[in-house]
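Q: One structure, pasted below without further comment.
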Amino acid sequence: MSSRTEFVLTLSCPDRPGVVAAVSGLLAGRGCNIIESQQFGDVESERFFMRMQFASSLPDEELREAFAALAPEFGMEFKLREVSVKPRVLVMVSKFGHCLNDLLYRTRSGLLDIEIVAVVSNHPDLRPLTQSYGIDYHHLPVTSGTKSRQEEEVLTLVDHYRADLVVLARYMQVLSEDLCVKLAGNVINIHHSFLPSFKGAKPYHQAYSRGVKLIGATAHYVTADLDEGPIIEQEVARVNHTHSAEDLAAIGRDVECQVLARAVRWHTQQRVLLDGHKTIVFPR
């Protein structure tokens, strides 16, 4: 028996009868075996979304050509990825190292099936941590006067490392609209709230002073609107009057790590599809 390769197919198109039958028929006609299939029809946008994992003995190019020939009939946008090829991830960080440390550990231990190809920071502080994992660290300072040039260097590194995804692991700089457009759908950010509140310095101290009962974190795709991009994942933790501001910050850091890791995992497994200003997530 010839060797078989696993692929993930994701697609979206106007919702209409026959899409599943056409895709399944294409795969069956070429001897492919479907391993997992999930789908959703959005009533509001009238679009259909599907994620399908399958095994095939056919080469990647032949499968792409087959789906490219089918796509026009349904107005279909699709992506096809070989499961064994690890997505290449570039991480951006400032001085807070908890999310970076968590991603590095999860990657080394196999909990995240990705390759972190480089870390970029506007500060030098996290170089020792990064290099202890044998990963390149690029210190790119940024000021209002050098922001444009610094972002050009970031894009150069994305191209150099052939990064599939950029992760802002508490990178405390706002990306320009130009950079957001160039990397649209391929930048994930984590912010320290499940609502767009307590922005700026010391958010957990702000939350403490307001006596909040829930703190949380949101992972989302980056757009030109600060912290307003399509949401991938959220989580909350309950707190009370016995917790200090420092306790809230510690709990919050743990929640941020968990939420960001899940968002990165789902994105790199092609379980997240964009549906306008929101996302369709097909978690396992």
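For the structure tokens, the naming scheme is as follows: chains receive sequential letters (A, B, ...) according to their order of presentation, residues are indexed from 1 within each chain, and ligands are indexed from 1 in presentation order.
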Do a neighbour search on region 55-71 of chain A at 9 Å with only C-alpha atoms, toss out local chain neighbours closer than 2 positions, and write the hits as a list in words.
A: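 Contacts, in chain order: Ser2, Ser3, Arg4, Thr5, Glu6, Phe7, Val8, Cys13, Ala22, Val23, Leu26, Leu27, Arg30, Gly31, Cys32, Asn33, Ile34, Ile35, Gln53, Glu73, Phe74, Gly75, Met76, Glu77, Phe78, Lys79, Leu80, Arg81 and Glu82 of chain A.
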Q: Could the residues in this selection be saved with C-alpha atoms as a PDB file, in the first residue's frame?
A:
```pdb
ATOM      1  CA  SER A   2       1.370   3.441  -0.904  1.00  0.00           C
ATOM      2  CA  SER A   3       2.097   5.853   1.919  1.00  0.00           C
ATOM      3  CA  ARG A   4      -0.720   8.197   2.877  1.00  0.00           C
ATOM      4  CA  THR A   5      -0.394  11.806   3.998  1.00  0.00           C
ATOM      5  CA  GLU A   6      -2.849  13.660   6.221  1.00  0.00           C
ATOM      6  CA  PHE A   7      -4.162  17.031   5.043  1.00  0.00           C
ATOM      7  CA  VAL A   8      -6.431  19.698   6.502  1.00  0.00           C
ATOM      8  CA  CYS A  13     -18.380  29.943   0.340  1.00  0.00           C
ATOM      9  CA  ALA A  22     -19.132  17.992  -3.958  1.00  0.00           C
ATOM     10  CA  VAL A  23     -16.148  18.075  -1.580  1.00  0.00           C
ATOM     11  CA  LEU A  26     -14.036  14.824  -4.949  1.00  0.00           C
ATOM     12  CA  LEU A  27     -12.115  13.158  -2.121  1.00  0.00           C
ATOM     13  CA  ARG A  30      -9.519  10.104  -5.552  1.00  0.00           C
ATOM     14  CA  GLY A  31      -9.334   7.419  -2.898  1.00  0.00           C
ATOM     15  CA  CYS A  32      -9.006   9.802   0.052  1.00  0.00           C
ATOM     16  CA  ASN A  33     -10.198   8.816   3.533  1.00  0.00           C
ATOM     17  CA  ILE A  34     -12.001  11.457   5.620  1.00  0.00           C
ATOM     18  CA  ILE A  35     -10.810  11.425   9.255  1.00  0.00           C
ATOM     19  CA  GLN A  53      -9.067  16.368   7.764  1.00  0.00           C
ATOM     20  CA  GLU A  73     -18.617  26.530  -9.132  1.00  0.00           C
ATOM     21  CA  PHE A  74     -19.338  27.372  -5.487  1.00  0.00           C
ATOM     22  CA  GLY A  75     -17.489  30.699  -5.122  1.00  0.00           C
ATOM     23  CA  MET A  76     -15.243  28.828  -2.730  1.00  0.00           C
ATOM     24  CA  GLU A  77     -12.185  30.116  -0.865  1.00  0.00           C
ATOM     25  CA  PHE A  78     -10.048  27.254   0.422  1.00  0.00           C
ATOM     26  CA  LYS A  79      -6.773  26.415   2.144  1.00  0.00           C
ATOM     27  CA  LEU A  80      -5.008  23.064   2.114  1.00  0.00           C
ATOM     28  CA  ARG A  81      -2.213  22.177   4.530  1.00  0.00           C
ATOM     29  CA  GLU A  82      -0.201  19.041   5.131  1.00  0.00           C
TER      30      GLU A  82
END
```
Q: Quick one: residues within 12 Å of Pro141 (chain A), only C-alpha atoms counted, chain neighbours fewer than 3 positions away excluded, as a list in words?
A: Val93, Ser94, Val120, Ser121, Asn122, His123, Pro124, Asp125, His138, Ser144, Gly145, Thr146, Lys147, Ser148, Arg149, Gln150, Glu151, Glu153, Val154, Met172 and Gln173 of chain A
Q: Can you tell me, as an MDAnalysis selection string, which residues in region 95-141 of chain A count as strand (DSSP E) by DSSP?
A: chainID A and resid 115:121 136:139
Q: Can you write just those residues out, N, CA and C atoms, as a compact mmCIF listing (two decimals), in the first residue's frame?
A:
```txt
# COMPACT_ATOMS: atom_id res chain seq x y z
N GLU A 115 6.64 25.45 15.22
CA GLU A 115 8.07 25.78 15.31
C GLU A 115 8.19 27.28 15.55
N ILE A 116 8.70 27.66 16.72
CA ILE A 116 8.95 29.08 16.97
C ILE A 116 10.30 29.41 16.33
N VAL A 117 10.26 30.22 15.29
CA VAL A 117 11.46 30.44 14.48
C VAL A 117 12.29 31.63 14.98
N ALA A 118 11.65 32.57 15.68
CA ALA A 118 12.38 33.73 16.19
C ALA A 118 11.49 34.50 17.15
N VAL A 119 12.15 35.30 17.99
CA VAL A 119 11.45 36.21 18.89
C VAL A 119 11.95 37.62 18.61
N VAL A 120 11.01 38.56 18.49
CA VAL A 120 11.32 39.96 18.25
C VAL A 120 10.83 40.77 19.45
N SER A 121 11.65 41.69 19.92
CA SER A 121 11.24 42.50 21.07
C SER A 121 11.77 43.92 20.94
N ASP A 136 16.52 32.33 17.88
CA ASP A 136 17.06 33.66 17.57
C ASP A 136 16.23 34.75 18.25
N TYR A 137 16.92 35.76 18.77
CA TYR A 137 16.27 36.89 19.43
C TYR A 137 16.70 38.17 18.74
N HIS A 138 15.74 38.99 18.34
CA HIS A 138 16.04 40.23 17.63
C HIS A 138 15.51 41.41 18.45
N HIS A 139 16.43 42.24 18.91
CA HIS A 139 16.06 43.44 19.67
C HIS A 139 15.87 44.58 18.68
```
Q: Counting only C-alpha atoms, which residue out of A:Phe49, A:Tyr161, A:Tyr221, A:Phe282 sits closest to Pro14 (chain A)?
A: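 Smallest separation from Pro14 (chain A) among the options: A:Phe49.
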Q: Applying 9 Å and only C-alpha atoms, which residues near Cys99 (chain A) remain after dropping the ones on its own chain fewer than 6 positions away? List them as a PyMOL selection string.
A: chain A and resi 93+169-170+190+253-254+256-258+260-261
Q: Mind checking DSSP for region 17-179 of chain A and telling me the alpha helix (DSSP H) residues as an mmCIF file with N, CA and C atoms, in the first residue's frame?
A:
```cif
data_model
loop_
_atom_site.group_PDB
_atom_site.id
_atom_site.type_symbol
_atom_site.label_atom_id
_atom_site.label_comp_id
_atom_site.auth_asym_id
_atom_site.auth_seq_id
_atom_site.Cartn_x
_atom_site.Cartn_y
_atom_site.Cartn_z
ATOM 1 N N VAL A 19 -22.559 21.566 -1.372
ATOM 2 C CA VAL A 19 -21.136 21.828 -1.107
ATOM 3 C C VAL A 19 -20.476 20.596 -0.486
ATOM 4 N N VAL A 20 -21.090 20.058 0.567
ATOM 5 C CA VAL A 20 -20.515 18.895 1.249
ATOM 6 C C VAL A 20 -20.429 17.709 0.296
ATOM 7 N N ALA A 21 -21.465 17.501 -0.479
ATOM 8 C CA ALA A 21 -21.479 16.383 -1.425
ATOM 9 C C ALA A 21 -20.369 16.528 -2.469
ATOM 10 N N ALA A 22 -20.164 17.767 -2.938
ATOM 11 C CA ALA A 22 -19.132 17.992 -3.958
ATOM 12 C C ALA A 22 -17.734 17.741 -3.400
ATOM 13 N N VAL A 23 -17.471 18.248 -2.184
ATOM 14 C CA VAL A 23 -16.148 18.075 -1.580
ATOM 15 C C VAL A 23 -15.912 16.607 -1.233
ATOM 16 N N SER A 24 -16.911 15.974 -0.614
ATOM 17 C CA SER A 24 -16.772 14.559 -0.239
ATOM 18 C C SER A 24 -16.614 13.691 -1.480
ATOM 19 N N GLY A 25 -17.374 14.012 -2.531
ATOM 20 C CA GLY A 25 -17.278 13.247 -3.766
ATOM 21 C C GLY A 25 -15.922 13.386 -4.425
ATOM 22 N N LEU A 26 -15.373 14.607 -4.388
ATOM 23 C CA LEU A 26 -14.036 14.824 -4.949
ATOM 24 C C LEU A 26 -13.012 13.951 -4.231
ATOM 25 N N LEU A 27 -13.081 13.933 -2.901
ATOM 26 C CA LEU A 27 -12.115 13.158 -2.121
ATOM 27 C C LEU A 27 -12.315 11.657 -2.331
ATOM 28 N N ALA A 28 -13.585 11.220 -2.289
ATOM 29 C CA ALA A 28 -13.861 9.790 -2.469
ATOM 30 C C ALA A 28 -13.413 9.309 -3.846
ATOM 31 N N GLY A 29 -13.616 10.151 -4.850
ATOM 32 C CA GLY A 29 -13.231 9.782 -6.208
ATOM 33 C C GLY A 29 -11.743 9.646 -6.398
ATOM 34 N N ASP A 60 0.437 16.776 -2.977
ATOM 35 C CA ASP A 60 -0.168 18.048 -2.615
ATOM 36 C C ASP A 60 -0.651 18.820 -3.839
ATOM 37 N N GLU A 61 0.193 18.902 -4.867
ATOM 38 C CA GLU A 61 -0.135 19.702 -6.049
ATOM 39 C C GLU A 61 -1.380 19.198 -6.764
ATOM 40 N N GLU A 62 -1.542 17.895 -6.838
ATOM 41 C CA GLU A 62 -2.702 17.322 -7.525
ATOM 42 C C GLU A 62 -3.993 17.641 -6.774
ATOM 43 N N LEU A 63 -3.936 17.595 -5.447
ATOM 44 C CA LEU A 63 -5.111 17.916 -4.638
ATOM 45 C C LEU A 63 -5.481 19.391 -4.776
ATOM 46 N N ARG A 64 -4.472 20.244 -4.766
ATOM 47 C CA ARG A 64 -4.738 21.683 -4.906
ATOM 48 C C ARG A 64 -5.380 21.987 -6.256
ATOM 49 N N GLU A 65 -4.884 21.359 -7.295
ATOM 50 C CA GLU A 65 -5.444 21.572 -8.627
ATOM 51 C C GLU A 65 -6.899 21.112 -8.686
ATOM 52 N N ALA A 66 -7.201 20.008 -8.010
ATOM 53 C CA ALA A 66 -8.563 19.488 -8.023
ATOM 54 C C ALA A 66 -9.521 20.437 -7.314
ATOM 55 N N PHE A 67 -9.100 20.962 -6.154
ATOM 56 C CA PHE A 67 -9.961 21.898 -5.423
ATOM 57 C C PHE A 67 -10.050 23.246 -6.142
ATOM 58 N N ALA A 68 -8.963 23.657 -6.782
ATOM 59 C CA ALA A 68 -8.992 24.908 -7.537
ATOM 60 C C ALA A 68 -9.975 24.812 -8.703
ATOM 61 N N ALA A 69 -10.111 23.631 -9.284
ATOM 62 C CA ALA A 69 -11.059 23.439 -10.383
ATOM 63 C C ALA A 69 -12.503 23.433 -9.880
ATOM 64 N N LEU A 70 -12.702 22.955 -8.641
ATOM 65 C CA LEU A 70 -14.044 22.908 -8.061
ATOM 66 C C LEU A 70 -14.494 24.266 -7.524
ATOM 67 N N ALA A 71 -13.556 25.054 -7.035
ATOM 68 C CA ALA A 71 -13.869 26.289 -6.309
ATOM 69 C C ALA A 71 -14.778 27.265 -7.057
ATOM 70 N N PRO A 72 -14.551 27.551 -8.341
ATOM 71 C CA PRO A 72 -15.393 28.551 -9.018
ATOM 72 C C PRO A 72 -16.879 28.217 -9.031
ATOM 73 N N GLU A 73 -17.211 26.936 -9.086
ATOM 74 C CA GLU A 73 -18.617 26.530 -9.132
ATOM 75 C C GLU A 73 -19.380 26.978 -7.894
ATOM 76 N N PHE A 74 -18.679 27.026 -6.750
ATOM 77 C CA PHE A 74 -19.338 27.372 -5.487
ATOM 78 C C PHE A 74 -18.880 28.720 -4.927
ATOM 79 N N HIS A 98 5.695 36.104 30.653
ATOM 80 C CA HIS A 98 4.944 34.892 31.009
ATOM 81 C C HIS A 98 4.361 34.180 29.789
ATOM 82 N N CYS A 99 3.807 34.926 28.851
ATOM 83 C CA CYS A 99 3.222 34.282 27.666
ATOM 84 C C CYS A 99 4.305 33.688 26.767
ATOM 85 N N LEU A 100 5.404 34.384 26.592
ATOM 86 C CA LEU A 100 6.511 33.853 25.814
ATOM 87 C C LEU A 100 7.043 32.575 26.450
ATOM 88 N N ASN A 101 7.274 32.611 27.758
ATOM 89 C CA ASN A 101 7.792 31.450 28.463
ATOM 90 C C ASN A 101 6.858 30.251 28.298
ATOM 91 N N ASP A 102 5.556 30.509 28.383
ATOM 92 C CA ASP A 102 4.573 29.441 28.249
ATOM 93 C C ASP A 102 4.588 28.850 26.839
ATOM 94 N N LEU A 103 4.656 29.706 25.820
ATOM 95 C CA LEU A 103 4.685 29.209 24.440
ATOM 96 C C LEU A 103 5.953 28.403 24.165
ATOM 97 N N LEU A 104 7.076 28.879 24.681
ATOM 98 C CA LEU A 104 8.330 28.154 24.494
ATOM 99 C C LEU A 104 8.258 26.770 25.144
ATOM 100 N N TYR A 105 7.747 26.721 26.377
ATOM 101 C CA TYR A 105 7.640 25.440 27.081
ATOM 102 C C TYR A 105 6.681 24.494 26.363
ATOM 103 N N ARG A 106 5.507 24.983 25.992
ATOM 104 C CA ARG A 106 4.524 24.122 25.330
ATOM 105 C C ARG A 106 5.046 23.592 24.000
ATOM 106 N N THR A 107 5.826 24.415 23.300
ATOM 107 C CA THR A 107 6.383 23.975 22.019
ATOM 108 C C THR A 107 7.438 22.899 22.230
ATOM 109 N N ARG A 108 8.356 23.138 23.177
ATOM 110 C CA ARG A 108 9.412 22.148 23.433
ATOM 111 C C ARG A 108 8.828 20.829 23.931
ATOM 112 N N ARG A 127 16.064 38.183 26.110
ATOM 113 C CA ARG A 127 17.042 37.484 25.269
ATOM 114 C C ARG A 127 17.552 36.203 25.932
ATOM 115 N N PRO A 128 17.971 36.235 27.226
ATOM 116 C CA PRO A 128 18.486 34.999 27.840
ATOM 117 C C PRO A 128 17.469 33.857 27.829
ATOM 118 N N LEU A 129 16.202 34.161 28.142
ATOM 119 C CA LEU A 129 15.163 33.124 28.121
ATOM 120 C C LEU A 129 15.026 32.536 26.724
ATOM 121 N N THR A 130 14.941 33.381 25.731
ATOM 122 C CA THR A 130 14.750 32.919 24.354
ATOM 123 C C THR A 130 15.926 32.081 23.875
ATOM 124 N N GLN A 131 17.126 32.570 24.114
ATOM 125 C CA GLN A 131 18.304 31.871 23.622
ATOM 126 C C GLN A 131 18.573 30.566 24.372
ATOM 127 N N SER A 132 18.020 30.434 25.586
ATOM 128 C CA SER A 132 18.150 29.161 26.309
ATOM 129 C C SER A 132 17.405 28.044 25.592
ATOM 130 N N LYS A 147 9.166 54.133 14.300
ATOM 131 C CA LYS A 147 8.168 53.062 14.214
ATOM 132 C C LYS A 147 8.056 52.474 12.814
ATOM 133 N N SER A 148 8.015 53.336 11.803
ATOM 134 C CA SER A 148 7.859 52.858 10.436
ATOM 135 C C SER A 148 9.043 51.989 10.028
ATOM 136 N N ARG A 149 10.240 52.451 10.331
ATOM 137 C CA ARG A 149 11.442 51.686 9.970
ATOM 138 C C ARG A 149 11.505 50.364 10.755
ATOM 139 N N GLN A 150 11.119 50.409 12.034
ATOM 140 C CA GLN A 150 11.138 49.196 12.852
ATOM 141 C C GLN A 150 10.165 48.160 12.300
ATOM 142 N N GLU A 151 8.989 48.611 11.864
ATOM 143 C CA GLU A 151 8.014 47.668 11.322
ATOM 144 C C GLU A 151 8.471 47.092 9.977
ATOM 145 N N GLU A 152 9.234 47.851 9.220
ATOM 146 C CA GLU A 152 9.814 47.313 7.987
ATOM 147 C C GLU A 152 10.780 46.178 8.304
ATOM 148 N N GLU A 153 11.538 46.353 9.401
ATOM 149 C CA GLU A 153 12.457 45.297 9.842
ATOM 150 C C GLU A 153 11.688 44.065 10.294
ATOM 151 N N VAL A 154 10.554 44.275 10.957
ATOM 152 C CA VAL A 154 9.716 43.148 11.376
ATOM 153 C C VAL A 154 9.253 42.365 10.148
ATOM 154 N N LEU A 155 8.769 43.065 9.128
ATOM 155 C CA LEU A 155 8.322 42.395 7.901
ATOM 156 C C LEU A 155 9.466 41.641 7.221
ATOM 157 N N THR A 156 10.654 42.230 7.265
ATOM 158 C CA THR A 156 11.828 41.559 6.695
ATOM 159 C C THR A 156 12.093 40.243 7.420
ATOM 160 N N LEU A 157 11.942 40.256 8.752
ATOM 161 C CA LEU A 157 12.153 39.031 9.532
ATOM 162 C C LEU A 157 11.064 38.007 9.265
ATOM 163 N N VAL A 158 9.823 38.464 9.107
ATOM 164 C CA VAL A 158 8.732 37.547 8.767
ATOM 165 C C VAL A 158 9.049 36.830 7.457
ATOM 166 N N ASP A 159 9.534 37.570 6.468
ATOM 167 C CA ASP A 159 9.904 36.973 5.180
ATOM 168 C C ASP A 159 11.124 36.068 5.324
ATOM 169 N N HIS A 160 12.117 36.535 6.079
ATOM 170 C CA HIS A 160 13.368 35.779 6.231
ATOM 171 C C HIS A 160 13.116 34.411 6.870
ATOM 172 N N GLU A 177 -1.591 50.608 10.955
ATOM 173 C CA GLU A 177 -2.629 50.088 10.065
ATOM 174 C C GLU A 177 -1.996 49.388 8.865
ATOM 175 N N ASP A 178 -0.900 49.935 8.367
ATOM 176 C CA ASP A 178 -0.230 49.338 7.212
ATOM 177 C C ASP A 178 0.250 47.927 7.518
ATOM 178 N N LEU A 179 0.865 47.733 8.694
ATOM 179 C CA LEU A 179 1.358 46.408 9.066
ATOM 180 C C LEU A 179 0.194 45.449 9.307
#
```
